[in-house]
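Trainee: Have a look at this one.
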Amino acid sequence: MAQQEPSYWLMKSEPNAYSIDDLKKEGTTLWDGIRNYQARNFMRSMKIGDKAFFYHSNCKPPGIIGLMKVIDIGLVDPTQFNPNEKYYDPKSKQENPRWDCAKMSYLGQFAQILSLEELRLNYKENELQLLRKGNRLSIMPIKKDIAIDIINKLGDFQ
DNA sequence: GCCAACGTTGGC
DNA sequence: GCCAACGTTGGC
């Protein structure tokens, strides 16, 4: 049985909240706190072995900064049951959790950020969902050829 | 800090 | 099920 081909994703995080440096230090992280159904559904369709670009958002400049690998999927997001948590969801039931997440591991940081501005220069809106007007999704798929192109463009990891 | 573009909530 | 009001995201 041939192994399924990995898919590629883009995952946003505000560096003040959780940055590529944090992931580099920790090695792995649970991508919790997702409270948007579309983003959750994308995360649900991830497979172990998929790769994801780490995108720094709400900072200067915003852009792709590193690469991660999916190492586990379908994990219950523990933050939804903790009333002291920012991401507490009182409507989520223990027997039927509303929010789940993937576990990611650090693969590398690129030598320089590939900024949103450069992404706009290099790709079209229909090639990269990130570039579409009004896009606010924090997790989205990336077409394989675009993903490969981005990796080639950025070259070696730091 | 502004605000456009979304997503969610809840009254009806 | 509609939709106004509200909350959030995230670039600028």
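Here's how to read the names in the structure tokens: chain A, B, ... by the order shown, residue numbers from 1 in each chain, ligand numbers from 1 in the order shown.
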Write out as a PyMOL selection string all residues of segment 54-128 of chain A that backbone DSSP assigns to strand (DSSP E or B).
Mentor: chain A and resi 54-56+63-76+93+96+100-115
Trainee: For the residues in the current selection, export N, CA, C and O atoms as a CSV table (one decimal), in the first residue's frame.
Mentor:
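Written out: result_17.csv:
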```
chain,number,residue,atom,x,y,z
A,54,PHE,N,4.3,28.0,8.9
A,54,PHE,CA,4.0,28.8,10.0
A,54,PHE,C,4.0,30.3,9.6
A,54,PHE,O,5.0,30.8,9.1
A,55,TYR,N,2.9,30.9,9.8
A,55,TYR,CA,2.7,32.3,9.3
A,55,TYR,C,2.5,33.3,10.5
A,55,TYR,O,1.7,33.0,11.4
A,56,HIS,N,3.4,34.3,10.5
A,56,HIS,CA,3.3,35.3,11.6
A,56,HIS,C,2.3,36.3,11.1
A,56,HIS,O,2.5,37.0,10.1
A,63,GLY,N,4.0,37.4,7.4
A,63,GLY,CA,4.5,36.5,6.4
A,63,GLY,C,4.8,35.1,6.9
A,63,GLY,O,4.7,34.8,8.0
A,64,ILE,N,5.3,34.3,5.9
A,64,ILE,CA,5.7,32.9,6.2
A,64,ILE,C,7.1,32.9,6.8
A,64,ILE,O,8.0,33.5,6.2
A,65,ILE,N,7.2,32.2,7.9
A,65,ILE,CA,8.5,32.3,8.6
A,65,ILE,C,9.1,30.9,8.8
A,65,ILE,O,10.3,30.8,9.0
A,66,GLY,N,8.3,29.9,8.8
A,66,GLY,CA,8.9,28.5,9.1
A,66,GLY,C,8.0,27.4,8.5
A,66,GLY,O,7.0,27.6,7.9
A,67,LEU,N,8.5,26.2,8.8
A,67,LEU,CA,7.8,25.0,8.4
A,67,LEU,C,7.6,24.0,9.5
A,67,LEU,O,8.4,23.9,10.4
A,68,MET,N,6.4,23.4,9.5
A,68,MET,CA,6.1,22.4,10.6
A,68,MET,C,5.6,21.1,9.9
A,68,MET,O,5.3,21.1,8.7
A,69,LYS,N,5.5,20.1,10.7
A,69,LYS,CA,4.9,18.8,10.3
A,69,LYS,C,3.8,18.4,11.2
A,69,LYS,O,3.9,18.6,12.4
A,70,VAL,N,2.8,17.8,10.6
A,70,VAL,CA,1.7,17.2,11.4
A,70,VAL,C,2.1,15.9,12.0
A,70,VAL,O,2.5,15.0,11.3
A,71,ILE,N,2.1,15.8,13.3
A,71,ILE,CA,2.5,14.5,13.9
A,71,ILE,C,1.4,13.8,14.7
A,71,ILE,O,1.5,12.6,15.0
A,72,ASP,N,0.3,14.5,14.9
A,72,ASP,CA,-0.9,13.8,15.5
A,72,ASP,C,-2.1,14.6,15.1
A,72,ASP,O,-2.1,15.8,14.9
A,73,ILE,N,-3.2,13.9,15.1
A,73,ILE,CA,-4.5,14.5,14.6
A,73,ILE,C,-5.7,14.1,15.5
A,73,ILE,O,-5.5,13.1,16.2
A,74,GLY,N,-6.7,14.8,15.4
A,74,GLY,CA,-8.0,14.4,16.1
A,74,GLY,C,-7.9,14.5,17.6
A,74,GLY,O,-8.6,13.7,18.3
A,75,LEU,N,-7.0,15.3,18.2
A,75,LEU,CA,-6.9,15.4,19.6
A,75,LEU,C,-7.9,16.5,20.2
A,75,LEU,O,-8.1,17.5,19.6
A,76,VAL,N,-8.5,16.2,21.3
A,76,VAL,CA,-9.4,17.1,21.9
A,76,VAL,C,-8.6,18.3,22.4
A,76,VAL,O,-7.6,18.2,23.0
A,93,LYS,N,-19.5,20.0,25.1
A,93,LYS,CA,-19.7,18.9,26.1
A,93,LYS,C,-18.6,17.9,26.1
A,93,LYS,O,-18.1,17.5,25.0
A,96,ASN,N,-19.0,15.1,23.9
A,96,ASN,CA,-19.0,15.4,22.5
A,96,ASN,C,-18.3,16.7,22.2
A,96,ASN,O,-18.9,17.8,22.0
A,100,ASP,N,-11.4,20.3,18.3
A,100,ASP,CA,-10.2,19.4,18.4
A,100,ASP,C,-9.0,20.0,17.6
A,100,ASP,O,-9.2,21.0,17.0
A,101,CYS,N,-7.9,19.4,17.7
A,101,CYS,CA,-6.7,20.0,17.1
A,101,CYS,C,-5.7,19.0,16.7
A,101,CYS,O,-5.7,17.8,17.1
A,102,ALA,N,-4.7,19.5,16.0
A,102,ALA,CA,-3.6,18.7,15.5
A,102,ALA,C,-2.4,19.0,16.4
A,102,ALA,O,-2.3,20.1,17.0
A,103,LYS,N,-1.4,18.1,16.4
A,103,LYS,CA,-0.2,18.3,17.1
A,103,LYS,C,0.9,18.5,16.0
A,103,LYS,O,1.0,17.8,15.0
A,104,MET,N,1.7,19.6,16.2
A,104,MET,CA,2.6,20.0,15.2
A,104,MET,C,4.1,19.9,15.7
A,104,MET,O,4.3,20.1,16.9
A,105,SER,N,5.0,19.6,14.8
A,105,SER,CA,6.4,19.6,15.2
A,105,SER,C,7.2,20.5,14.4
A,105,SER,O,6.9,20.8,13.2
A,106,TYR,N,8.2,21.1,15.0
A,106,TYR,CA,9.0,22.1,14.3
A,106,TYR,C,9.9,21.4,13.2
A,106,TYR,O,10.6,20.4,13.5
A,107,LEU,N,9.9,22.0,12.0
A,107,LEU,CA,10.8,21.5,11.0
A,107,LEU,C,12.0,22.4,10.8
A,107,LEU,O,13.1,22.1,10.6
A,108,GLY,N,11.6,23.7,10.7
A,108,GLY,CA,12.7,24.7,10.5
A,108,GLY,C,12.1,26.1,10.4
A,108,GLY,O,10.9,26.3,10.2
A,109,GLN,N,13.1,27.0,10.5
A,109,GLN,CA,12.8,28.4,10.3
A,109,GLN,C,13.5,28.9,9.0
A,109,GLN,O,14.7,28.5,8.8
A,110,PHE,N,12.8,29.7,8.2
A,110,PHE,CA,13.5,30.1,7.0
A,110,PHE,C,14.5,31.3,7.3
A,110,PHE,O,14.3,32.0,8.3
A,111,ALA,N,15.5,31.4,6.5
A,111,ALA,CA,16.5,32.4,6.8
A,111,ALA,C,16.0,33.8,6.8
A,111,ALA,O,16.4,34.7,7.5
A,112,GLN,N,14.9,34.0,5.9
A,112,GLN,CA,14.2,35.3,6.0
A,112,GLN,C,12.7,35.1,5.8
A,112,GLN,O,12.3,34.1,5.2
A,113,ILE,N,12.0,36.0,6.3
A,113,ILE,CA,10.5,35.9,6.2
A,113,ILE,C,10.1,36.1,4.8
A,113,ILE,O,10.7,36.9,4.0
A,114,LEU,N,9.1,35.3,4.3
A,114,LEU,CA,8.5,35.6,3.0
A,114,LEU,C,7.3,36.4,3.3
A,114,LEU,O,6.2,35.9,3.7
A,115,SER,N,7.4,37.7,3.1
A,115,SER,CA,6.3,38.6,3.6
A,115,SER,C,5.1,38.5,2.7
A,115,SER,O,5.1,38.1,1.6
```
Trainee: Give me, as a Markdown table, each residue of segment 28-114 of chain A that comes within 12 Å of chain B, together with its shortest interatomic pair and the distance in Å at one decimal, counting only C-alpha atoms (C1' of nucleotides), with rows ordered by chain and rising residue number.
Mentor:
```
| residue | atom | partner | partner_atom | distance |
| --- | --- | --- | --- | --- |
| A:Arg35 | CA | B:DG7 | C1' | 10.3 |
| A:Asn36 | CA | B:DG7 | C1' | 8.0 |
| A:Tyr37 | CA | B:DG7 | C1' | 9.5 |
| A:Gln38 | CA | B:DG7 | C1' | 10.2 |
| A:Ala39 | CA | B:DG7 | C1' | 11.8 |
```
Trainee: Could you please take those selected residues and save C-alpha atoms as a PDB file, in the first residue's frame?
Mentor:
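Below you can see again-v5.pdb, which holds the result:
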```pdb
ATOM      1  CA  ARG A  35     -12.699  28.577  17.337  1.00  0.00           C
ATOM      2  CA  ASN A  36     -13.721  28.890  13.737  1.00  0.00           C
ATOM      3  CA  TYR A  37     -15.518  26.002  12.088  1.00  0.00           C
ATOM      4  CA  GLN A  38     -13.905  26.379   8.687  1.00  0.00           C
ATOM      5  CA  ALA A  39     -10.440  26.428  10.202  1.00  0.00           C
TER       6      ALA A  39
END
```
Trainee: Would you list the contacts of Asn16 of chain A as JSON, numbers by chain, taking every protein, DNA or RNA residue within 9 Å and counting only C-alpha atoms (C1' of nucleotides), but skipping same-chain residues closer than 3 positions in sequence?
Mentor: {"A": [13, 19, 59]}
Trainee: Counting only C-alpha atoms (C1' of nucleotides), which residues of chain A come no farther than 8 Å from chain C, as a PyMOL selection string?
Mentor: chain A and resi 57-58+136
Trainee: Give me the residues near Ile142 of chain A as JSON, numbers by chain, where near means some atom within 8 Å (using only C-alpha atoms (C1' of nucleotides)) and where sequence neighbours in that chain fewer than 3 positions away do not count.
Mentor: {"A": [7, 8, 9, 10, 128, 129, 146, 147]}
Trainee: As a list of chain:residue names, please: all residues of segment 105-155 of chain A that backbone DSSP puts in alpha helix (DSSP H).
Mentor: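 Restricting segment 105-155 of chain A to alpha helix (DSSP H) produces A:Leu116, A:Glu117, A:Glu118, A:Leu119, A:Arg120, A:Leu121, A:Asn122, A:Lys144, A:Asp145, A:Ile146, A:Ala147, A:Ile148, A:Asp149, A:Ile150, A:Ile151, A:Asn152, A:Lys153, A:Leu154.
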Trainee: Mind giving me the straight-line distance from atom CA of Lys25 of chain A to atom CA of Met46 of chain A in Å, one decimal?
Mentor: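 Atom-to-atom, atom CA of Lys25 of chain A and atom CA of Met46 of chain A are spaced 23.8 Å apart.
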Trainee: Can you measure atom CA of Tyr88 of chain A to atom CA of Leu130 of chain A for me? One decimal in Å is fine.
Mentor: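 So the two atoms, atom CA of Tyr88 of chain A and atom CA of Leu130 of chain A, lie 27.4 Å apart.
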Trainee: Between A:Thr79, A:Met140, A:Arg132, A:Phe53, which is the closest to Ile20 of chain A once you count only C-alpha atoms?
Mentor: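 Nearest candidate to Ile20 of chain A out of A:Thr79, A:Met140, A:Arg132, A:Phe53: A:Phe53.
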Trainee: Just to confirm, what's the straight-line distance from atom CA of Lys86 of chain A to atom CA of Asp32 of chain A in Å (one decimal)?
Mentor: 11.2 Å
